[in-house]
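Scroll down for the structure; my scribbles are underneath it.
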Amino acid sequence: MTLELKNVTKSVDGAVHIHETNLTLEEGTFNVLLGTTLSGKTTLMQLMAGLDKPSTGEIWFNGKNVTGVSVQKRNVSMVYQQFINYPHFTVYENIASPLRVAGADAKTIDARVQSVAELLRLKPMLGRKPAELSGGQQQRTAMARALVKDSDMILLDEPLANLDYKLREEMRDELPRLFADRHCTVIYATTEPTEALLFGGHTATLHEGRVTQFGPTGEIYRKPSDLISAQVFSDPPLNTATVMKRGNEVMLGPNISWYANDAARDLPDGDYLLGIRAHHITPFQQTPDAVAIEGHVLVAELSGSESVLHVDLNGTTWISQSHGVHPFEVGSTARLYVDVARGFLFDRANRLVGGLA
Amino acid sequence: MARILIDKLRHAYVQNPQKPEDYALKEMSLELADGGAYALLGPSGCGKTTLLNLISGLLHPTEGRILFDDTDVGQLTPEQRNIAQVFQFPVVYDTMTVYDNLAFPLKNRGVPAGEIDSRVREIAGMLDLGPTLNKRAAGLTADGKQKISLGRGLVRSDVNVIMFDEPLTVIDPHLKWVLRSKLKELHHRINRTMIYVTHDQTEALTFADRVVVMNLGEVVQVGTPVELFERPAHTFVGHFIGSPGMNALPCTVENGRPTFLGHAVPIPGEIRLPNDGGRLEIGIRPEFIKFSGLESGPTIAVEVTKVSDAGRFRIVETRAQEHRIRLLVPEGDPVPSGAAQLRFDPKHTHLYRDGWLVG
Amino acid sequence: MNKTVNQKAWFLVLPVFLFVAFNAIIPLMTVVNYSVQETFGNNIFSWSGVQWFQDTLQSDRFHASLGRQLMFTAIILAIEIPLGLAIALAMPRKGPWVSVCLVLMALPLLIPWNVVGSMWNVFALPEIGLMGRGLNALGFDFNYTRQPGDAWFTIVLMDVWHWTSLVVLLCYAGLVAIPNDYYQAAKIDGASAWAVFRFIQLPKLKRVLTIAILLRFMDSFMIYTEVQVLTGGGPGSSTTFLSIDLFKVALGQFDLGPAGAMSIIYFLIILAMSWVFYTLMMRNEAK
């Protein structure tokens with residue numbers, strides 16, 4: 001089912017929670033809402049589900065205006081960050097509950113519950129109560145409840161946030177498979193850029209109640225339309241610094257400069273903001289065009305496979321993330337290579353004007 | 001400040017433990033050097049929090065000894081052990097100001113007012129809490145409150161060890177970086193023993209100089225992040241550390257060489273293998289597998305089944321018959337579709353017998 | 001937190017609203033009606049304006065019963081709140097004794113008011129009551145039916161016995177809700193038991209205590225049945241609290257107009273004092 005938000009806003013007691021939003025989510029797609037806590041992900045989901053009414057604007061399902069229609073009549077499912085199950089029901093009864101409410105017959109219920117349990121690897125636990133399950137199994141039960149009825153839309157609000165790191169990784173791998181042969185529209189809220197990337201599909205970046213950009217995930221990641229979208233989609237945080245463009249030269253401070261690449265060359269002279277992700281700054285030279293900077297090391301983290309360095313250069317902190325083991329002493333001087341060709345250039349209004357092709 | 005020695009420690013929550021299953025913590029011995037940064041890493045229920053509480057004195061061990069330098073502290077209370085602890089959910093005294101929160105442990109110990117003031121201001125400066133000193137602690141955000149919890153440990157000059165129990169759980173992802181770097185920086189500045197408990201490999205590996213990996217109540221491996229990454233002592237460590245974890249492929253040994261699906265897989269060094277069989281596996285991390293180019297040498301034929309873009313690299317899932325092999329391909333490098341050949345880096349290929357590293 | 005706004009929810013409140021209207025608003029309006037009219041029975045009413053209000057506010061009798069009422073409420077709050085808190089602090093947090101303690105605590109709350117009154121009536125009788133005889137045997141000259149001081153003592157003791165449990169249960173619920181981490185952190189910070197109480201338990205119990213004080217204030221201010229059964233307001237008028245006085249005016253003398261005026265003044269006093277309590281207790285909450 002196609003979901004359309006048309007000029008939707010939401011204000012509560014004069015405070016704007018969602019700024020005017022236009023969004024079209026196509027049937028059968030996987031859509032990620034990416035943003036920090038309080039960026040408006042949950043509010044937006046509640047509007048989509050019909051748990052809440054927009055202050056202005058309309059919500060359309062498959063070309064039908066459903067703005068005032070209650071959630072019960074919309075055929076949607078939701079999964080929350082907390083593992084919400086009926087504590088006194090068995091896993092089987094928990095999964096069966098939406099079908100019982102809908103009045104399905106016993107045979108249909110059994111067949112559906114069994115097949116969903118199979119898909120989510122819950123078959124051995126069907127007779128247990130939620131309290132006897134691990135966190136991952138509890139969340140899988142909640143997910144099974146959302147999947148068992150043929151919803152037109154499934155909304156998942158940070159469903160993996162309360163799980164162990166490794167379990168999260170496994171579920172992240174499993175999730176897209178669950179929706180693969182369904183026609184429902186999936187909306188998934190997360191604070192983690194990596195999660196959005198791994199799911200693929202489409203991503204909407206959210207910041208302070210505003211959808212800053214929406215499109216295919218890889219495209220949003222590699223071509224953010226503005227500074228905010230780039231920042232929302234960067235972990236570790238995006239490195240930023242003011243640079244000055246003069247003719248064919250781009251200058252970072254008095255001593256560091258490089259030749260503008262094709263994309264930057266045609267820009268008018270002036271000040272720009274350079275944004276560059278941590279993995280494009282490395283303690284070794286990746287490309288001949290990389291620009292060297294030197295600063296003293298604030299933080300050096302080795303995770304076995306990766307090295308993360310925080311380096312201070314004239315009051316600006318540069319974060320570098322690179323493969324391999326590159327030990328540095330805190331306080332020592334480090335030389336980093338910035339792959340400026342991979343950076344983004346933003347104008348004074350923080351819009352992307354040049355950078356990665 | 002103290003060196004911590006854990007000697008044949010065992011702990012059970014049940015009275016009169018009989019069977020090995022009764023022990024939440026199986027017998028272990030461990031030495032934590034004075035001033036080191038350690039992490040206890042493992043999944044939920046692996047016993048890491050039990051071990052933490054035994055060291056801090058919130059629990060008393062069923063068997064074995066815990067020594068701070070040469071003193072057996074097994075039966076002492078947390079305040080007698082002079083430890084500080086930061087909990088999963090920030091603990092602040094709501095009615096006090098930030099200043100009074102930081103001063104609280106010193107006041108309780110009867111430290112003179114002048115010294116309290118200078119200590120509190122010094123620590124507040126380190127934690128960037130200076131501007132909020134006169135605010136009520138209840139009004140701060142989660143990361144601010146967690147800094148106060150940490151600060152109450154740091155102000156004391158008598159602290160033997162500072163413990164962290166999943167301290168970043170309630171912190172927003174974009175602030176985790178900041179707080180983690182702060183912690184690391186503080187460790188360098190004050191050089192106190194710190195023990196950090198977490199299920200999150202990134203937190204453990206980036207914070208600690210040495211990581212204690214635990215599973216099912218046992219210590220599986222103790223090592224530097226690099227050791228754990230490059231030479232996992234057990235397939236569990238290989239799986240648990242790294243994202244995605246190490247590939248473990250069942251194999252046989254023929255003519256003294258590990259063989260997978262009929263292909264000989266070279267590994268560094270000699271195989272030290274007893275003759276009584278056991279389940280053999282090849283362990284290789286996704287980082288050390290490449291699609292084969294033109295260069296010669298042994299390769300493994302696979303089918304590419306799935307490619308996930310993680311931004312700076314792609315996770316490629318391939319199948320060799322029924323075995324799944326995953327590898328990482330850096331951003332920009334080509335990924336073939338359909339049939340392909342894989343090459344394992346021999347320097348980083350290991351052999352495991354019943355889960356344990358043998359070569 | 002995002003809150004869902006849905007106007008339909010008001011329909012769910014409608015039945016309760018109607019119920020309250022029949023139960024409270026309509027009788028209240030009747031009382032207002034009485035309070036501004038004069039009647040000599042036979043359903044003949046004449047307008048009397050604020051006459052009854054003036055009379056009531058200027059009456060010594062009203063002042064005396066209001067004074068007694070305030071005194072009583074102050075005494076029982078001063079006893080029950082600290083005592084309830086102390087008992088809650090002393091109760092075990094886990095183990096088999098928890099349920100035993102909770103049941104014991106709940107028992108007095110399960111006894112109807114008039115039964116409590118009768119129980120203490122008998123219990124404190126100087127000739128046959130266990131307490132009355134006991135006190136006299138110990139050499140005290142105790143007779144609550146004759147001596148005002150003894151009557152007060154008995155009523156206060158009865159109320160403490162009956163209602164401290166409520167404070168205990170509320171405080172206990174508040175105490176068990178405090179995460180263990182707080183106690184552990186305090187231990188590590190070297191806090192004394194007093195500091196734990198002062199800086200952890202008391203602040204965390206603030207809301208619960210506010211509710212306990214409000215409930216006990218309103219309840220004690222309206223105390224009627226137990227006192228009526230125990231002393232009937234005597235000896236003399238020494239235990240004639242507002243509610244008992246009101247009853248005497250309304251039904252004993254059938255002065256509906258003054259009784260109406262008195263009820264409204266009574267109601268406004270409770271409302272105003274509850275509001276003051278609540279605002280004072282919650283003053284720092286908003287910051």
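Numbering starts fresh at 1 for the residues of each chain in the structure tokens, the chains themselves are lettered A, B, ... in the order given, and ligands are numbered from 1 as they appear.
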Within 9 Å of chain A, which residues of chain B come that close, and what is the closest atom pair and distance in Å for each? Count only C-alpha atoms and give it as a Markdown table.
```
| residue | atom | partner | partner_atom | distance |
| --- | --- | --- | --- | --- |
| B:Pro43 | CA | A:Asp164 | CA | 6.8 |
| B:Ser44 | CA | A:Asp164 | CA | 7.1 |
| B:Thr169 | CA | A:Asn162 | CA | 8.9 |
| B:Asp172 | CA | A:Thr37 | CA | 6.9 |
| B:Pro173 | CA | A:Thr191 | CA | 6.9 |
| B:His174 | CA | A:Pro237 | CA | 7.1 |
| B:Trp177 | CA | A:Pro236 | CA | 7.2 |
| B:Ser181 | CA | A:Val299 | CA | 6.2 |
| B:Lys182 | CA | A:Val299 | CA | 8.5 |
| B:Lys184 | CA | A:Val299 | CA | 7.0 |
| B:Glu185 | CA | A:Val299 | CA | 6.4 |
| B:His188 | CA | A:Val330 | CA | 8.0 |
| B:His199 | CA | A:Asp164 | CA | 6.2 |
| B:Asp200 | CA | A:Tyr165 | CA | 5.3 |
| B:Gln201 | CA | A:Tyr165 | CA | 7.5 |
| B:Thr202 | CA | A:Ser303 | CA | 6.7 |
| B:Glu203 | CA | A:Ser303 | CA | 8.7 |
| B:Ala204 | CA | A:Ser303 | CA | 8.2 |
| B:Leu205 | CA | A:Ser303 | CA | 4.6 |
| B:Thr206 | CA | A:Glu301 | CA | 4.8 |
| B:Phe207 | CA | A:Glu301 | CA | 7.0 |
| B:Ala208 | CA | A:Glu301 | CA | 8.9 |
| B:Asp209 | CA | A:Leu302 | CA | 8.8 |
| B:Thr224 | CA | A:Gly304 | CA | 7.9 |
| B:Pro225 | CA | A:Gly304 | CA | 4.6 |
| B:Val226 | CA | A:Gly304 | CA | 3.9 |
| B:Glu227 | CA | A:Gly304 | CA | 7.2 |
| B:Leu228 | CA | A:Gly304 | CA | 7.0 |
| B:Phe229 | CA | A:Gly304 | CA | 5.1 |
| B:Glu230 | CA | A:Gly304 | CA | 7.3 |
| B:His239 | CA | A:Lys166 | CA | 8.9 |
| B:Phe240 | CA | A:Lys166 | CA | 6.7 |
| B:Ile241 | CA | A:Lys166 | CA | 8.7 |
| B:Gly242 | CA | A:Ser305 | CA | 7.6 |
| B:Ser243 | CA | A:Glu169 | CA | 7.7 |
| B:Pro244 | CA | A:Glu169 | CA | 7.6 |
| B:Glu287 | CA | A:Ser305 | CA | 8.2 |
| B:Ser308 | CA | A:Leu198 | CA | 5.5 |
| B:Asp309 | CA | A:Leu198 | CA | 5.6 |
| B:Ala310 | CA | A:Leu197 | CA | 5.3 |
| B:Gly311 | CA | A:Leu197 | CA | 6.6 |
| B:Arg312 | CA | A:His279 | CA | 6.9 |
| B:Arg314 | CA | A:Leu198 | CA | 8.8 |
| B:Ile315 | CA | A:Leu198 | CA | 8.7 |
```
Note to self: Near chain C, meaning an atom within 8 Å, which residues of chain A appear when counting only C-alpha atoms? Write them as a list of chain:residue names.
What the structure shows: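 Selected residues: A:Thr42, A:Thr43, A:Leu51, A:Asp52, A:Lys53.
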Write the residues of the selection above to a file with N, CA and C atoms, as a CSV table (one decimal), in the first residue's frame.
```
chain,number,residue,atom,x,y,z
A,42,THR,N,9.0,9.2,16.4
A,42,THR,CA,7.9,8.5,17.0
A,42,THR,C,6.6,9.3,16.7
A,43,THR,N,6.7,10.6,16.7
A,43,THR,CA,5.5,11.4,16.4
A,43,THR,C,5.0,11.2,14.9
A,51,LEU,N,-2.6,6.8,15.2
A,51,LEU,CA,-2.7,6.9,16.6
A,51,LEU,C,-2.9,8.4,17.0
A,52,ASP,N,-2.5,9.3,16.1
A,52,ASP,CA,-2.6,10.7,16.4
A,52,ASP,C,-3.0,11.4,15.1
A,53,LYS,N,-3.7,12.5,15.2
A,53,LYS,CA,-4.1,13.2,14.1
A,53,LYS,C,-3.2,14.4,13.8
```
Next item on the list: Kindly provide, as a PyMOL selection string, the residues of chain C having any atom no farther than 6 Å from an atom of chain B, counting only C-alpha atoms.
Entry: chain C and resi 182+188-191
For the residues in the current selection, export N, CA and C atoms as a short mmCIF file (atom, residue, chain, number, x, y, z; two decimals), in the first residue's frame.
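This went into result-v8.cif:
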```
data_model
loop_
_atom_site.label_atom_id
_atom_site.label_comp_id
_atom_site.auth_asym_id
_atom_site.auth_seq_id
_atom_site.Cartn_x
_atom_site.Cartn_y
_atom_site.Cartn_z
N TYR C 182 20.57 3.20 43.56
CA TYR C 182 20.72 4.38 44.40
C TYR C 182 21.34 4.02 45.74
N ILE C 188 28.66 3.30 48.26
CA ILE C 188 29.98 3.57 47.70
C ILE C 188 30.44 4.98 48.03
N ASP C 189 29.50 5.92 48.03
CA ASP C 189 29.85 7.30 48.37
C ASP C 189 30.09 7.48 49.87
N GLY C 190 29.88 6.40 50.63
CA GLY C 190 30.13 6.47 52.07
C GLY C 190 29.05 7.22 52.83
N ALA C 191 27.83 7.23 52.27
CA ALA C 191 26.74 7.98 52.91
C ALA C 191 26.26 7.26 54.16
#
```
Notebook entry, point to check: Pick from C:Lys204, C:Gly95, C:Thr279, C:Asp255: nearest to Trp52 in chain C, with only C-alpha atoms counted?
Noted result: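 With only C-alpha atoms as the atom set, the closest residue is C:Asp255.
Summary of the local environment: counting only C-alpha atoms, residues at most 7 Å from Asp269 in chain A, other than itself and those fewer than 3 positions away along its chain, are Lys245, Arg246 and Gly247 of chain A.
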Selection above as a file: C-alpha atoms, as a compact mmCIF listing (two decimals), in the first residue's frame:
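Saved as again-v2.txt:
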```
# COMPACT_ATOMS: atom_id res chain seq x y z
CA LYS A 245 37.86 28.99 -2.26
CA ARG A 246 40.01 31.32 -4.42
CA GLY A 247 40.19 30.55 -8.08
```
Notebook entry, point to check: If we count only C-alpha atoms, what is near Leu209 in chain C at a cut-off of 12 Å, once residues fewer than 3 positions away on the same chain are taken out, given as a ChimeraX atom specification?
Noted result: /C:77,80-82,84-85,88,166-175,201-206,212-217,277-278,281-282
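The coordinates place CA of Val213 in chain B at 15.9 Å from CA of Met194 in chain B.
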Margin query: What's around Thr299 in chain B at 6 Å? Count only C-alpha atoms, leave out sequence neighbours fewer than 6 positions away in its own chain, and write the answer as a ChimeraX atom specification.
Written below: /B:341-343
